[in-house]
>>> print(open('upload.csv').read())   # CSV, C-alpha atoms
chain,number,residue,atom,x,y,z
A,1,MET,CA,-1.8,18.2,12.8
A,2,VAL,CA,0.7,16.6,15.3
A,3,PRO,CA,4.1,17.2,13.7
A,4,ASN,CA,6.1,17.2,16.9
A,5,ALA,CA,7.5,14.2,18.7
A,6,LEU,CA,5.1,12.7,21.3
A,7,PHE,CA,8.0,11.5,23.5
A,8,LYS,CA,11.6,10.4,23.2
A,9,LEU,CA,12.8,6.8,23.2
A,10,PHE,CA,16.6,6.1,23.5
A,11,GLY,CA,17.2,9.7,22.7
A,12,ASN,CA,15.2,9.8,19.5
A,13,GLY,CA,11.8,11.4,19.0
A,14,VAL,CA,8.8,9.1,18.5
A,15,TYR,CA,6.3,10.7,16.1
A,16,LEU,CA,2.6,9.9,15.5
A,17,TYR,CA,3.5,9.5,11.8
A,18,GLY,CA,5.8,6.6,12.6
A,19,ILE,CA,3.3,5.1,15.0
A,20,CYS,CA,0.6,5.1,12.3
A,21,ILE,CA,3.0,3.4,9.8
A,22,ALA,CA,3.8,0.8,12.4
A,23,ILE,CA,0.1,0.1,13.1
A,24,GLY,CA,-0.4,-0.2,9.3
A,25,LEU,CA,2.4,-2.7,8.9
A,26,VAL,CA,1.2,-4.8,11.9
A,27,ALA,CA,-2.3,-4.8,10.4
A,28,CYS,CA,-1.0,-5.8,7.0
A,29,ILE,CA,0.9,-8.8,8.4
A,30,MET,CA,-2.1,-9.9,10.6
A,31,PHE,CA,-4.5,-9.8,7.7
A,32,PHE,CA,-2.0,-11.6,5.4
A,33,PHE,CA,-2.0,-14.6,7.8
A,34,TYR,CA,-5.8,-14.4,8.1
A,35,PHE,CA,-6.6,-14.1,4.4
A,36,THR,CA,-4.1,-16.8,3.3
A,37,LYS,CA,-5.6,-19.2,5.9
A,38,ARG,CA,-9.0,-18.7,4.4
A,39,ARG,CA,-7.6,-20.4,1.3
A,40,GLY,CA,-5.7,-23.1,3.1
A,41,MET,CA,-2.1,-21.9,2.6
A,42,PRO,CA,0.4,-24.2,4.4
A,43,GLU,CA,2.0,-22.6,7.5
A,44,ASN,CA,5.5,-23.2,6.2
A,45,VAL,CA,4.6,-21.1,3.1
A,46,GLN,CA,3.0,-18.5,5.2
A,47,GLU,CA,6.1,-18.2,7.4
A,48,PHE,CA,8.4,-18.0,4.4
A,49,ALA,CA,6.2,-15.3,2.8
A,50,PHE,CA,6.4,-13.4,6.1
A,51,PHE,CA,10.2,-13.3,6.1
A,52,VAL,CA,10.2,-12.3,2.4
A,53,THR,CA,7.7,-9.5,3.2
A,54,ILE,CA,10.0,-8.1,5.9
A,55,ILE,CA,12.8,-7.9,3.3
A,56,ALA,CA,10.4,-6.3,0.8
A,57,ILE,CA,9.2,-3.7,3.3
A,58,ALA,CA,12.8,-2.7,4.1
A,59,VAL,CA,13.7,-2.4,0.4
A,60,GLY,CA,10.4,-0.7,-0.3
A,61,PHE,CA,11.2,2.1,2.2
A,62,LEU,CA,14.6,2.6,0.5
A,63,PHE,CA,12.9,2.8,-2.9
A,64,ALA,CA,10.3,5.2,-1.4
A,65,LYS,CA,13.1,7.5,-0.3
A,66,LEU,CA,15.0,7.1,-3.5
A,67,TYR,CA,11.9,8.0,-5.5
A,68,GLN,CA,11.3,11.1,-3.5
A,69,ALA,CA,15.0,12.1,-3.7
A,70,VAL,CA,14.9,11.9,-7.5
A,71,TYR,CA,11.6,13.8,-7.5
A,72,VAL,CA,13.1,16.6,-5.5
A,73,TRP,CA,16.2,16.6,-7.7
A,74,MET,CA,13.9,17.1,-10.7
A,75,GLU,CA,12.5,20.1,-9.0
A,76,THR,CA,15.5,21.7,-7.4
A,77,GLY,CA,18.6,20.2,-9.1
A,78,GLU,CA,19.8,18.9,-5.7
A,79,PHE,CA,20.0,15.2,-4.8
A,80,ASP,CA,19.7,14.5,-1.1
A,81,PHE,CA,18.8,10.9,-0.3
A,82,TYR,CA,19.3,11.2,3.4
A,83,SER,CA,16.9,14.1,4.0
A,84,ALA,CA,14.3,13.0,1.4
A,85,GLY,CA,10.9,11.9,2.6
A,86,ILE,CA,9.1,8.8,1.3
A,87,THR,CA,6.7,8.4,-1.6
A,88,VAL,CA,4.1,5.6,-1.6
A,89,MET,CA,4.3,4.8,-5.3
A,90,GLY,CA,8.1,4.3,-5.2
A,91,GLY,CA,7.8,2.1,-2.2
A,92,LEU,CA,5.0,0.0,-3.8
A,93,ILE,CA,7.0,-0.6,-7.0
A,94,GLY,CA,10.3,-1.3,-5.2
A,95,GLY,CA,8.8,-3.5,-2.5
A,96,ALA,CA,6.7,-5.5,-4.9
A,97,ALA,CA,9.7,-6.2,-7.2
A,98,MET,CA,11.8,-7.3,-4.3
A,99,PHE,CA,9.0,-9.5,-2.9
A,100,ILE,CA,8.6,-11.3,-6.2
A,101,LEU,CA,12.4,-11.7,-6.7
A,102,SER,CA,13.0,-13.0,-3.1
A,103,TYR,CA,9.9,-15.2,-3.1
A,104,PHE,CA,10.9,-17.2,-6.2
A,105,VAL,CA,14.6,-17.2,-5.8
A,106,GLY,CA,14.5,-17.8,-2.0
A,107,GLY,CA,11.7,-20.3,-2.4
A,108,LYS,CA,13.8,-22.4,-4.8
A,109,ILE,CA,16.5,-22.6,-2.2
A,110,PHE,CA,14.2,-23.1,0.9
A,111,PHE,CA,11.7,-25.6,-0.4
A,112,LYS,CA,13.4,-28.8,-1.4
A,113,GLY,CA,12.6,-32.5,-1.4
A,114,ASN,CA,9.0,-33.5,-1.3
A,115,ILE,CA,7.9,-29.9,-0.8
A,116,LYS,CA,9.8,-28.6,-3.8
A,117,GLY,CA,7.8,-25.9,-5.6
A,118,VAL,CA,5.1,-25.6,-3.0
A,119,HIS,CA,5.6,-21.8,-2.8
A,120,VAL,CA,5.0,-21.5,-6.5
A,121,LYS,CA,1.7,-23.3,-6.2
A,122,HIS,CA,0.5,-20.9,-3.5
A,123,PHE,CA,1.8,-17.7,-5.1
A,124,TYR,CA,-1.7,-17.2,-6.7
A,125,THR,CA,-3.2,-16.9,-3.2
A,126,ILE,CA,-0.6,-14.1,-2.4
A,127,VAL,CA,-1.7,-12.3,-5.5
A,128,LEU,CA,-5.3,-12.4,-4.3
A,129,VAL,CA,-4.7,-11.2,-0.8
A,130,ALA,CA,-1.9,-8.7,-1.5
A,131,PRO,CA,-4.3,-5.8,-2.4
A,132,MET,CA,-6.1,-6.0,0.9
A,133,CYS,CA,-2.9,-6.1,2.8
A,134,ILE,CA,-1.5,-3.1,0.9
A,135,LEU,CA,-4.7,-1.1,1.3
A,136,ILE,CA,-4.9,-1.4,5.1
A,137,ALA,CA,-1.2,-0.5,5.5
A,138,HIS,CA,-1.5,2.4,3.1
A,139,ALA,CA,-4.7,3.7,4.8
A,140,PHE,CA,-3.0,3.9,8.2
A,141,GLY,CA,0.1,5.4,6.5
A,142,ARG,CA,-2.1,8.2,5.1
A,143,ILE,CA,-3.4,8.9,8.6
A,144,GLY,CA,0.2,9.3,9.6
A,145,CYS,CA,0.7,11.8,6.7
A,146,LEU,CA,-2.2,13.8,8.0
A,147,MET,CA,-0.6,13.9,11.5
A,148,ALA,CA,2.8,14.9,10.1
A,149,GLY,CA,1.4,17.5,7.7
A,150,CYS,CA,2.9,15.9,4.5
A,151,CYS,CA,1.2,15.0,1.3
A,152,HIS,CA,-1.4,17.6,1.9
A,153,GLY,CA,-3.6,19.4,-0.6
A,154,THR,CA,-3.7,23.0,-1.8
A,155,TYR,CA,-3.2,25.8,0.7
A,156,LEU,CA,-6.6,27.6,1.2
A,157,GLY,CA,-5.5,30.4,3.5
A,158,SER,CA,-5.3,31.3,7.1
A,159,ASP,CA,-9.1,31.5,7.5
A,160,TYR,CA,-11.5,28.6,7.5
A,161,VAL,CA,-12.7,27.4,4.1
A,162,VAL,CA,-15.3,24.7,3.7
A,163,GLY,CA,-13.4,21.4,2.9
A,164,GLY,CA,-10.2,22.5,4.5
A,165,ILE,CA,-8.5,21.4,7.7
A,166,TYR,CA,-6.2,23.5,9.9
A,167,MET,CA,-2.9,21.7,9.8
A,168,TYR,CA,0.9,22.0,9.6
A,169,GLY,CA,1.9,22.0,5.9
A,170,THR,CA,4.5,23.4,3.5
A,171,LEU,CA,3.9,26.5,1.4
A,172,ASN,CA,6.5,27.7,-1.2
A,173,GLY,CA,9.2,25.6,0.5
A,174,TYR,CA,8.4,26.9,4.1
A,175,HIS,CA,6.5,25.1,6.9
A,176,GLN,CA,3.3,27.0,7.7
A,177,TRP,CA,0.2,26.4,9.7
A,178,GLY,CA,-3.0,27.1,7.9
A,179,TYR,CA,-6.0,25.6,6.1
A,180,TYR,CA,-5.2,23.0,3.5
A,181,ILE,CA,-7.3,20.5,1.5
A,182,PRO,CA,-6.8,17.3,3.5
A,183,THR,CA,-6.0,15.0,0.6
A,184,GLN,CA,-4.4,12.6,3.2
A,185,LEU,CA,-7.7,12.2,5.0
A,186,TYR,CA,-9.7,11.7,1.8
A,187,GLU,CA,-7.3,9.1,0.6
A,188,ALA,CA,-7.3,7.3,3.9
A,189,LEU,CA,-11.1,7.1,3.8
A,190,PHE,CA,-11.0,5.8,0.2
A,191,LEU,CA,-8.4,3.2,1.2
A,192,PHE,CA,-10.4,1.9,4.2
A,193,ILE,CA,-13.5,1.7,2.1
A,194,ALA,CA,-11.7,-0.2,-0.7
A,195,PHE,CA,-10.2,-2.5,1.8
A,196,GLY,CA,-13.7,-3.3,3.2
A,197,VAL,CA,-15.2,-3.9,-0.2
A,198,LEU,CA,-12.4,-6.2,-1.3
A,199,TRP,CA,-12.5,-8.0,2.0
A,200,TYR,CA,-16.1,-8.8,1.5
A,201,LEU,CA,-15.7,-9.9,-2.1
A,202,TYR,CA,-12.8,-12.1,-1.2
A,203,GLU,CA,-14.1,-13.7,1.9
A,204,LYS,CA,-17.8,-13.9,1.2
A,205,LYS,CA,-17.8,-14.4,-2.6
A,206,GLY,CA,-14.3,-15.9,-3.3
A,207,ALA,CA,-13.5,-13.1,-5.7
A,208,THR,CA,-10.5,-13.7,-8.0
A,209,PHE,CA,-10.2,-10.2,-9.3
A,210,THR,CA,-9.0,-8.4,-6.2
A,211,MET,CA,-5.7,-7.4,-7.9
A,212,PRO,CA,-7.2,-5.7,-11.0
A,213,ALA,CA,-9.9,-4.1,-8.8
A,214,TYR,CA,-7.2,-2.6,-6.6
A,215,LEU,CA,-5.0,-1.5,-9.5
A,216,ILE,CA,-7.8,0.2,-11.5
A,217,SER,CA,-9.7,1.7,-8.5
A,218,TYR,CA,-6.5,3.1,-6.9
A,219,GLY,CA,-5.1,4.2,-10.2
A,220,VAL,CA,-8.3,6.2,-11.0
A,221,TRP,CA,-8.4,7.6,-7.5
A,222,ARG,CA,-4.8,8.7,-7.5
A,223,MET,CA,-5.2,10.4,-10.9
A,224,ILE,CA,-8.0,12.5,-9.4
A,225,ILE,CA,-6.6,13.3,-6.0
A,226,GLU,CA,-3.3,14.4,-7.5
A,227,ILE,CA,-5.1,17.4,-9.0
A,228,PHE,CA,-5.7,18.7,-5.5
A,229,ARG,CA,-2.2,18.2,-4.1
A,230,GLY,CA,-0.6,21.3,-2.8
A,231,ASP,CA,2.8,21.4,-4.4
A,232,ALA,CA,2.3,23.0,-7.9
A,233,ALA,CA,5.8,22.0,-9.0
A,234,ARG,CA,4.6,18.4,-9.3
A,235,VAL,CA,3.3,19.1,-12.8
A,236,GLU,CA,5.8,21.6,-14.1
A,237,ASN,CA,8.6,19.4,-15.4
A,238,LEU,CA,6.7,16.4,-16.8
A,239,ALA,CA,5.2,15.4,-20.1
A,240,LEU,CA,1.6,16.4,-20.7
A,241,GLY,CA,1.4,18.1,-17.3
A,242,LEU,CA,1.1,14.9,-15.4
A,243,THR,CA,2.8,14.1,-12.1
A,244,PRO,CA,5.0,11.0,-11.6
A,245,SER,CA,2.2,9.5,-9.5
A,246,GLN,CA,-0.4,10.1,-12.3
A,247,TRP,CA,1.8,8.5,-14.9
A,248,GLN,CA,2.3,5.5,-12.6
A,249,SER,CA,-1.5,5.5,-12.1
A,250,ILE,CA,-2.0,5.1,-15.8
A,251,PHE,CA,0.2,2.0,-15.7
A,252,PHE,CA,-1.7,0.7,-12.7
A,253,ILE,CA,-5.0,1.1,-14.7
A,254,LEU,CA,-3.6,-0.5,-17.8
A,255,GLY,CA,-2.2,-3.4,-15.7
A,256,GLY,CA,-5.6,-4.0,-14.1
A,257,VAL,CA,-7.3,-4.0,-17.5
A,258,ALA,CA,-4.8,-6.4,-18.9
A,259,TYR,CA,-5.3,-8.7,-15.8
A,260,ILE,CA,-9.1,-8.7,-16.4
A,261,LEU,CA,-8.5,-9.5,-20.1
A,262,ILE,CA,-6.4,-12.5,-19.1
A,263,ILE,CA,-9.1,-13.8,-16.9
A,264,PHE,CA,-11.6,-13.5,-19.8
A,265,LEU,CA,-9.3,-15.1,-22.3
A,266,LYS,CA,-8.4,-18.0,-20.0
A,267,LYS,CA,-12.2,-18.3,-19.2
A,268,ALA,CA,-11.2,-18.4,-15.5
A,269,PRO,CA,-13.9,-17.9,-12.9
A,270,PHE,CA,-14.3,-14.5,-11.3
A,271,PHE,CA,-15.6,-16.1,-8.1
A,272,GLU,CA,-14.3,-19.2,-6.3
A,273,LYS,CA,-16.4,-19.4,-3.2
A,274,ASP,CA,-15.6,-23.1,-2.8
A,275,LYS,CA,-11.9,-22.3,-2.3
A,276,ILE,CA,-12.7,-20.2,0.9
A,277,LEU,CA,-12.5,-22.5,3.9
A,278,SER,CA,-15.2,-22.6,6.5
A,279,LYS,CA,-14.5,-22.2,10.3
A,280,GLU,CA,-14.6,-26.0,10.7
A,281,GLN,CA,-12.1,-26.6,7.9
A,282,MET,CA,-9.7,-24.0,9.2
A,283,ILE,CA,-9.8,-25.6,12.7
A,284,GLU,CA,-9.2,-29.0,11.1
A,285,ILE,CA,-6.2,-27.7,9.0
A,286,TYR,CA,-4.6,-25.3,11.5
A,287,GLY,CA,-5.6,-27.0,14.7
A,288,LYS,CA,-6.8,-23.9,16.5
A,289,LYS,CA,-9.8,-21.6,16.5
A,290,PRO,CA,-9.6,-19.0,13.7
A,291,ILE,CA,-10.4,-15.4,13.9
A,292,LYS,CA,-14.2,-14.9,14.3
A,293,GLU,CA,-16.0,-13.8,11.2
>>> encode(input="upload.csv", output="structure tokens")
Amino acid sequence: MVPNALFKLFGNGVYLYGICIAIGLVACIMFFFYFTKRRGMPENVQEFAFFVTIIAIAVGFLFAKLYQAVYVWMETGEFDFYSAGITVMGGLIGGAAMFILSYFVGGKIFFKGNIKGVHVKHFYTIVLVAPMCILIAHAFGRIGCLMAGCCHGTYLGSDYVVGGIYMYGTLNGYHQWGYYIPTQLYEALFLFIAFGVLWYLYEKKGATFTMPAYLISYGVWRMIIEIFRGDAARVENLALGLTPSQWQSIFFILGGVAYILIIFLKKAPFFEKDKILSKEQMIEIYGKKPIKE
């Protein structure tokens, strides 16, 4: 919808797509600090996790481009990493893998003496809050996709069709304005709603199943929304007619189900409201007034 640069900065164009991604990343980091404080994570662990997150984000973007480059290569036979766009699924997988590796390896080096292993103790909190942080960043990212005209749904024509939005998209390899199914908008709405629901369950109820809830809900959603994506070649070269994102969604769903089974088998609680700090407790621990509820 706004594919052109808004202005130039140091000779380079600044696009609304990039601004939305930046807003999403800032929101992700802000909510990470807020959510981890609600469970009393020490500030040194928070700061360490922040630096690890920066590394994971950088690597995640590289994986997102690599994934898209491989995907285009599967379609066209040409591998072009530099010109490739980014794919969320590739970024999530690469970024998560780098975060876990850096967190445990770096933590072993960083935390020594009487605080040795403190990062391991609080990794569970990161697992609980990660889904909300990912959801809010992803939601703003999808708004960016809508502005840029990427990741859109099926082309509906040059005339208005109910459910379509006039936007800048790609049809048969060529950029073209027209009416498309706004899958980016629908996904952004889903992500914002999922974020709100998990926020409520985590903060008000002390839910411990935020990760499987995220994996299963997003996996199911992505399986469905992929059907309406506009690039037909997404299903031509893959087993059983499924796109790469749909196959990964299956693993998301299976991973979420396995996580719930583990909770059942360990007889762990699904809610730990007593672990969520009150305003007074947060002020006592962190020495400053927390974000208002």
>>> closest_residue(input="upload.csv", among="A:Val45, A:Leu92, A:Cys133, A:Leu261", to="Lys116 in chain A", atoms="only C-alpha atoms")
A:Val45
>>> atom_distance(input="upload.csv", atom1="CA of Gly178 in chain A", atom2="CA of Tyr15 in chain A")
20.6 Å
>>> closest_residue(input="upload.csv", among="A:Met41, A:Leu242, A:Gln184, A:Met132", to="Leu201 in chain A", atoms="all atoms listed in the file")
A:Met132
>>> closest_residue(input="upload.csv", among="A:Gly113, A:Phe123, A:Gly149, A:Arg39", to="Lys273 in chain A", atoms="all atoms listed in the file")
A:Arg39
>>> residues_around(input="upload.csv", residues="Gln281 in chain A", least_positions_apart="4", cutoff="10 Å", atoms="only C-alpha atoms", output="list in words")
Arg38, Gly40, Ile276, Leu277, Ile285, Tyr286, Gly287 and Pro290 of chain A
>>> closest_residue(input="upload.csv", among="A:Leu135, A:Cys20, A:Ile263, A:Ala97", to="Val197 in chain A", atoms="only C-alpha atoms")
A:Leu135
>>> closest_residue(input="upload.csv", among="A:Lys204, A:Arg142, A:Arg222, A:Lys65", to="Pro244 in chain A", atoms="only C-alpha atoms")
A:Arg222
>>> closest_residue(input="upload.csv", among="A:Leu66, A:Ala49, A:Ala188, A:Val129", to="Asp80 in chain A", atoms="all atoms listed in the file")
A:Leu66
>>> residues_around(input="upload.csv", residues="Ile181 in chain A", least_positions_apart="6", cutoff="12 Å", atoms="all atoms listed in the file", output="VMD selection string")
chain A and resid 146 149 to 157 160 to 169 187 225 to 231
>>> write_last_selection(input="upload.csv", atoms="C-alpha atoms", output="short mmCIF file (atom, residue, chain, number, x, y, z; two decimals), in the coordinates of the input")
data_model
loop_
_atom_site.label_atom_id
_atom_site.label_comp_id
_atom_site.auth_asym_id
_atom_site.auth_seq_id
_atom_site.Cartn_x
_atom_site.Cartn_y
_atom_site.Cartn_z
CA LEU A 146 -2.20 13.80 8.00
CA GLY A 149 1.40 17.50 7.70
CA CYS A 150 2.90 15.90 4.50
CA CYS A 151 1.20 15.00 1.30
CA HIS A 152 -1.40 17.60 1.90
CA GLY A 153 -3.60 19.40 -0.60
CA THR A 154 -3.70 23.00 -1.80
CA TYR A 155 -3.20 25.80 0.70
CA LEU A 156 -6.60 27.60 1.20
CA GLY A 157 -5.50 30.40 3.50
CA TYR A 160 -11.50 28.60 7.50
CA VAL A 161 -12.70 27.40 4.10
CA VAL A 162 -15.30 24.70 3.70
CA GLY A 163 -13.40 21.40 2.90
CA GLY A 164 -10.20 22.50 4.50
CA ILE A 165 -8.50 21.40 7.70
CA TYR A 166 -6.20 23.50 9.90
CA MET A 167 -2.90 21.70 9.80
CA TYR A 168 0.90 22.00 9.60
CA GLY A 169 1.90 22.00 5.90
CA GLU A 187 -7.30 9.10 0.60
CA ILE A 225 -6.60 13.30 -6.00
CA GLU A 226 -3.30 14.40 -7.50
CA ILE A 227 -5.10 17.40 -9.00
CA PHE A 228 -5.70 18.70 -5.50
CA ARG A 229 -2.20 18.20 -4.10
CA GLY A 230 -0.60 21.30 -2.80
CA ASP A 231 2.80 21.40 -4.40
#
>>> atom_distance(input="upload.csv", atom1="CA of Leu128 in chain A", atom2="CA of Ala58 in chain A")
22.2 Å
>>> atom_distance(input="upload.csv", atom1="CA of Val52 in chain A", atom2="CA of Ile23 in chain A")
19.2 Å
>>> residues_around(input="upload.csv", residues="Ala56 in chain A", least_positions_apart="5", cutoff="10 Å", atoms="only C-alpha atoms", output="MDAnalysis selection string")
chainID A and resid 50:51 61:62 91:92 94:103
